[in-house]
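Participant: Can you read through this structure? Questions will come right after.
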Amino acid sequence: MTPTHIEHIGIAVASLKEAIPFYETVLGLECYAIEEVKDQKVRTAFFRVGQTKIELLESTDPEGTIGKFVEKTGGGMHHIAFAVDDVATALKEVEAAGCQLIDKAPRDGAEGLKIGFLHPKSTNRVLTELCGKK
């Protein structure tokens, strides 16, 4: 498995409504999509910076992963996502290399991508996501 590029950087926020103006007004980026991913209990907002995206994550449930993260940390950098050609194959390869997985198989993510997370215990304490097209 070789990532093709950084797909996005995930940033947990308490409120998309409060966070989006910084990216638009201060950084001059355009929020091109807002989407709810119900099974992950989040709403996302996306911005492009070259080939890489910034994904803001707002919890729709305080008991969800992002809700707990924001409660514990106040928000901030949540994960880094790498684009791969085939998420299922990549997950098998990293597991075979000794990496602990959060997702044993790809699942649906925002923007119609297939995703799989690697456990921070195996990635130098950085939550890492692999993303690819369906």
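A note on labels: chains of the structure tokens are A, B, ... as shown, every chain counts residues from 1, and ligands are counted from 1 in their shown order.
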Neighbours of A:Gln40 within 8 Å (only C-alpha atoms; same-chain residues fewer than 2 positions away dropped), as a PyMOL selection string?
Facilitator: chain A and resi 37-38+42+64-65
Participant: Could you turn the residues from that selection into a file that holds N, CA and C atoms, as a JSON list (two decimals), in the first residue's frame?
Facilitator:
```json
[["chain", "number", "residue", "atom", "x", "y", "z"],
["A", 37, "VAL", "N", -23.19, 12.60, 8.16],
["A", 37, "VAL", "CA", -22.90, 11.18, 8.07],
["A", 37, "VAL", "C", -23.54, 10.56, 9.32],
["A", 38, "LYS", "N", -24.76, 10.09, 9.15],
["A", 38, "LYS", "CA", -25.59, 9.67, 10.29],
["A", 38, "LYS", "C", -24.96, 8.56, 11.11],
["A", 42, "VAL", "N", -22.02, 12.66, 12.85],
["A", 42, "VAL", "CA", -21.33, 13.93, 12.58],
["A", 42, "VAL", "C", -21.95, 14.66, 11.40],
["A", 64, "GLY", "N", -21.38, 10.43, 20.64],
["A", 64, "GLY", "CA", -20.63, 9.96, 19.49],
["A", 64, "GLY", "C", -19.14, 10.22, 19.67],
["A", 65, "THR", "N", -18.34, 9.66, 18.79],
["A", 65, "THR", "CA", -16.89, 9.79, 18.87],
["A", 65, "THR", "C", -16.45, 11.24, 18.88]]
```
Participant: Compile a residue-level contact table for stretch 77-128 of chain A against stretch 44-53 of chain A at a cut-off of 12 Å, reporting for every qualifying residue the shortest atom pair and its distance in Å to one decimal, with only C-alpha atoms counted, rows ordered by chain and ascending number, as JSON lines.
Facilitator:
```
{"residue": "A:Ile80", "atom": "CA", "partner": "A:Lys53", "partner_atom": "CA", "distance": 10.3}
{"residue": "A:Ala81", "atom": "CA", "partner": "A:Lys53", "partner_atom": "CA", "distance": 9.5}
{"residue": "A:Phe82", "atom": "CA", "partner": "A:Thr52", "partner_atom": "CA", "distance": 9.7}
{"residue": "A:Ala83", "atom": "CA", "partner": "A:Thr52", "partner_atom": "CA", "distance": 9.9}
{"residue": "A:Gly109", "atom": "CA", "partner": "A:Thr44", "partner_atom": "CA", "distance": 10.3}
{"residue": "A:Ala110", "atom": "CA", "partner": "A:Thr44", "partner_atom": "CA", "distance": 7.5}
{"residue": "A:Glu111", "atom": "CA", "partner": "A:Phe46", "partner_atom": "CA", "distance": 9.4}
```
Participant: List every residue of chain A that DSSP, applied to the backbone of this structure, assigns to strand (DSSP E or B), and report them as a ChimeraX atom specification.
Facilitator: /A:5-13,31-37,42-49,52-59,76-83,101,107-108,114-118,128-132
Participant: Could you save those same residues with N, CA and C atoms as a compact mmCIF listing (two decimals), in the first residue's frame?
Facilitator:
```
# COMPACT_ATOMS: atom_id res chain seq x y z
N HIS A 5 -1.86 10.56 -1.83
CA HIS A 5 -1.77 11.93 -1.31
C HIS A 5 -2.51 12.02 0.02
N ILE A 6 -2.36 13.14 0.70
CA ILE A 6 -3.17 13.38 1.89
C ILE A 6 -4.54 13.77 1.40
N GLU A 7 -5.53 12.97 1.73
CA GLU A 7 -6.90 13.20 1.27
C GLU A 7 -7.51 14.36 2.04
N HIS A 8 -7.40 14.30 3.36
CA HIS A 8 -7.89 15.41 4.17
C HIS A 8 -7.30 15.37 5.57
N ILE A 9 -7.46 16.49 6.26
CA ILE A 9 -7.13 16.60 7.67
C ILE A 9 -8.44 16.86 8.39
N GLY A 10 -8.77 16.02 9.35
CA GLY A 10 -10.02 16.14 10.10
C GLY A 10 -9.83 16.98 11.35
N ILE A 11 -10.68 17.97 11.52
CA ILE A 11 -10.62 18.86 12.67
C ILE A 11 -11.98 18.85 13.36
N ALA A 12 -12.00 18.46 14.62
CA ALA A 12 -13.23 18.42 15.40
C ALA A 12 -13.54 19.82 15.92
N VAL A 13 -14.79 20.24 15.77
CA VAL A 13 -15.22 21.55 16.23
C VAL A 13 -16.53 21.40 17.01
N CYS A 31 -16.18 26.99 1.64
CA CYS A 31 -16.83 25.76 2.11
C CYS A 31 -17.66 25.24 0.95
N TYR A 32 -17.24 24.14 0.35
CA TYR A 32 -17.92 23.66 -0.85
C TYR A 32 -18.95 22.57 -0.57
N ALA A 33 -18.97 22.03 0.66
CA ALA A 33 -19.95 20.98 0.96
C ALA A 33 -20.14 20.86 2.46
N ILE A 34 -21.39 20.67 2.84
CA ILE A 34 -21.75 20.31 4.21
C ILE A 34 -22.61 19.06 4.09
N GLU A 35 -22.28 18.07 4.91
CA GLU A 35 -22.94 16.78 4.79
C GLU A 35 -23.07 16.14 6.17
N GLU A 36 -24.16 15.44 6.39
CA GLU A 36 -24.32 14.66 7.61
C GLU A 36 -24.00 13.19 7.31
N VAL A 37 -23.19 12.60 8.16
CA VAL A 37 -22.90 11.18 8.07
C VAL A 37 -23.54 10.56 9.32
N VAL A 42 -22.02 12.66 12.85
CA VAL A 42 -21.33 13.93 12.58
C VAL A 42 -21.95 14.66 11.40
N ARG A 43 -21.72 15.97 11.41
CA ARG A 43 -21.92 16.81 10.23
C ARG A 43 -20.53 17.29 9.84
N THR A 44 -20.27 17.30 8.54
CA THR A 44 -18.96 17.69 8.05
C THR A 44 -19.06 18.90 7.15
N ALA A 45 -18.00 19.69 7.12
CA ALA A 45 -17.88 20.82 6.20
C ALA A 45 -16.50 20.69 5.56
N PHE A 46 -16.44 20.86 4.23
CA PHE A 46 -15.18 20.66 3.50
C PHE A 46 -14.68 21.92 2.82
N PHE A 47 -13.35 22.06 2.84
CA PHE A 47 -12.63 23.14 2.18
C PHE A 47 -11.46 22.52 1.42
N ARG A 48 -11.12 23.08 0.28
CA ARG A 48 -9.96 22.60 -0.49
C ARG A 48 -8.78 23.54 -0.29
N VAL A 49 -7.61 22.91 -0.14
CA VAL A 49 -6.33 23.63 -0.12
C VAL A 49 -5.44 22.84 -1.06
N THR A 52 -5.40 18.82 -1.17
CA THR A 52 -5.80 18.36 0.16
C THR A 52 -7.06 19.08 0.61
N LYS A 53 -7.85 18.41 1.43
CA LYS A 53 -9.06 19.01 1.97
C LYS A 53 -8.93 19.14 3.49
N ILE A 54 -9.64 20.12 4.01
CA ILE A 54 -9.85 20.25 5.44
C ILE A 54 -11.28 19.80 5.69
N GLU A 55 -11.47 18.89 6.63
CA GLU A 55 -12.80 18.40 6.99
C GLU A 55 -13.08 18.84 8.43
N LEU A 56 -14.05 19.73 8.60
CA LEU A 56 -14.50 20.09 9.93
C LEU A 56 -15.56 19.08 10.35
N LEU A 57 -15.50 18.62 11.58
CA LEU A 57 -16.41 17.60 12.09
C LEU A 57 -17.16 18.15 13.30
N GLU A 58 -18.47 18.20 13.20
CA GLU A 58 -19.32 18.63 14.31
C GLU A 58 -20.18 17.43 14.73
N SER A 59 -20.21 17.15 16.01
CA SER A 59 -20.99 16.02 16.50
C SER A 59 -22.48 16.30 16.42
N GLY A 76 -10.18 20.35 17.95
CA GLY A 76 -8.85 20.48 17.35
C GLY A 76 -8.59 19.35 16.37
N MET A 77 -7.33 19.20 16.03
CA MET A 77 -6.93 18.17 15.07
C MET A 77 -7.40 16.80 15.56
N HIS A 78 -8.13 16.11 14.71
CA HIS A 78 -8.68 14.81 15.08
C HIS A 78 -7.99 13.66 14.36
N HIS A 79 -7.78 13.80 13.04
CA HIS A 79 -7.15 12.71 12.29
C HIS A 79 -6.56 13.22 10.99
N ILE A 80 -5.71 12.39 10.41
CA ILE A 80 -5.17 12.64 9.08
C ILE A 80 -5.62 11.47 8.20
N ALA A 81 -6.03 11.79 6.98
CA ALA A 81 -6.54 10.77 6.06
C ALA A 81 -5.67 10.70 4.82
N PHE A 82 -5.30 9.49 4.46
CA PHE A 82 -4.50 9.26 3.27
C PHE A 82 -5.36 8.60 2.20
N ALA A 83 -5.22 9.06 0.97
CA ALA A 83 -5.92 8.44 -0.15
C ALA A 83 -5.15 7.20 -0.59
N LEU A 101 -6.14 -2.28 13.83
CA LEU A 101 -7.19 -1.59 13.09
C LEU A 101 -8.37 -1.24 13.98
N ARG A 107 -15.87 1.12 5.43
CA ARG A 107 -17.24 1.56 5.66
C ARG A 107 -17.46 2.85 4.91
N ASP A 108 -18.71 3.27 4.82
CA ASP A 108 -19.04 4.50 4.10
C ASP A 108 -18.66 5.72 4.91
N LYS A 114 -15.09 5.35 0.63
CA LYS A 114 -14.92 4.22 1.53
C LYS A 114 -13.78 4.59 2.47
N ILE A 115 -13.93 4.27 3.76
CA ILE A 115 -12.93 4.66 4.74
C ILE A 115 -12.62 3.50 5.68
N GLY A 116 -11.47 3.58 6.31
CA GLY A 116 -11.09 2.66 7.36
C GLY A 116 -10.06 3.33 8.25
N PHE A 117 -10.24 3.19 9.58
CA PHE A 117 -9.33 3.84 10.53
C PHE A 117 -8.34 2.86 11.12
N LEU A 118 -7.13 3.36 11.34
CA LEU A 118 -6.07 2.61 12.01
C LEU A 118 -6.00 3.11 13.45
N THR A 128 -5.35 7.67 12.20
CA THR A 128 -5.07 7.67 10.77
C THR A 128 -6.21 6.99 10.04
N GLU A 129 -6.64 7.63 8.96
CA GLU A 129 -7.74 7.14 8.15
C GLU A 129 -7.23 6.84 6.74
N LEU A 130 -7.70 5.76 6.16
CA LEU A 130 -7.44 5.45 4.77
C LEU A 130 -8.73 5.67 4.00
N CYS A 131 -8.65 6.36 2.87
CA CYS A 131 -9.83 6.72 2.08
C CYS A 131 -9.65 6.30 0.64
N GLY A 132 -10.75 5.91 0.02
CA GLY A 132 -10.70 5.58 -1.39
C GLY A 132 -12.09 5.61 -2.00
```
Participant: As an exercise, work out the distance from atom CA of A:Asp85 to atom CA of A:Asp103 in Å and give it to one decimal place.
Facilitator: 16.9 Å
Participant: Which residues are close to stretch 88-91 of chain A, i.e. within 7 Å by only C-alpha atoms, leaving aside same-chain residues fewer than 3 positions away? Reply as an NGL selection string.
Facilitator: :A and (1 or 94-95 or 104-106)
Participant: For the residues selected in the previous step, produce a file with C-alpha atoms as a PDB file, in the first residue's frame.
Facilitator:
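That gives us selection28.pdb:
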```pdb
ATOM      1  CA  MET A   1       0.000   0.000   0.000  1.00  0.00           C
ATOM      2  CA  VAL A  94      -1.349  -2.661   7.238  1.00  0.00           C
ATOM      3  CA  GLU A  95      -2.850  -5.307   9.526  1.00  0.00           C
ATOM      4  CA  LYS A 104     -11.427  -4.418   9.772  1.00  0.00           C
ATOM      5  CA  ALA A 105     -13.383  -3.639   6.594  1.00  0.00           C
ATOM      6  CA  PRO A 106     -14.132  -0.395   4.740  1.00  0.00           C
TER       7      PRO A 106
END
```
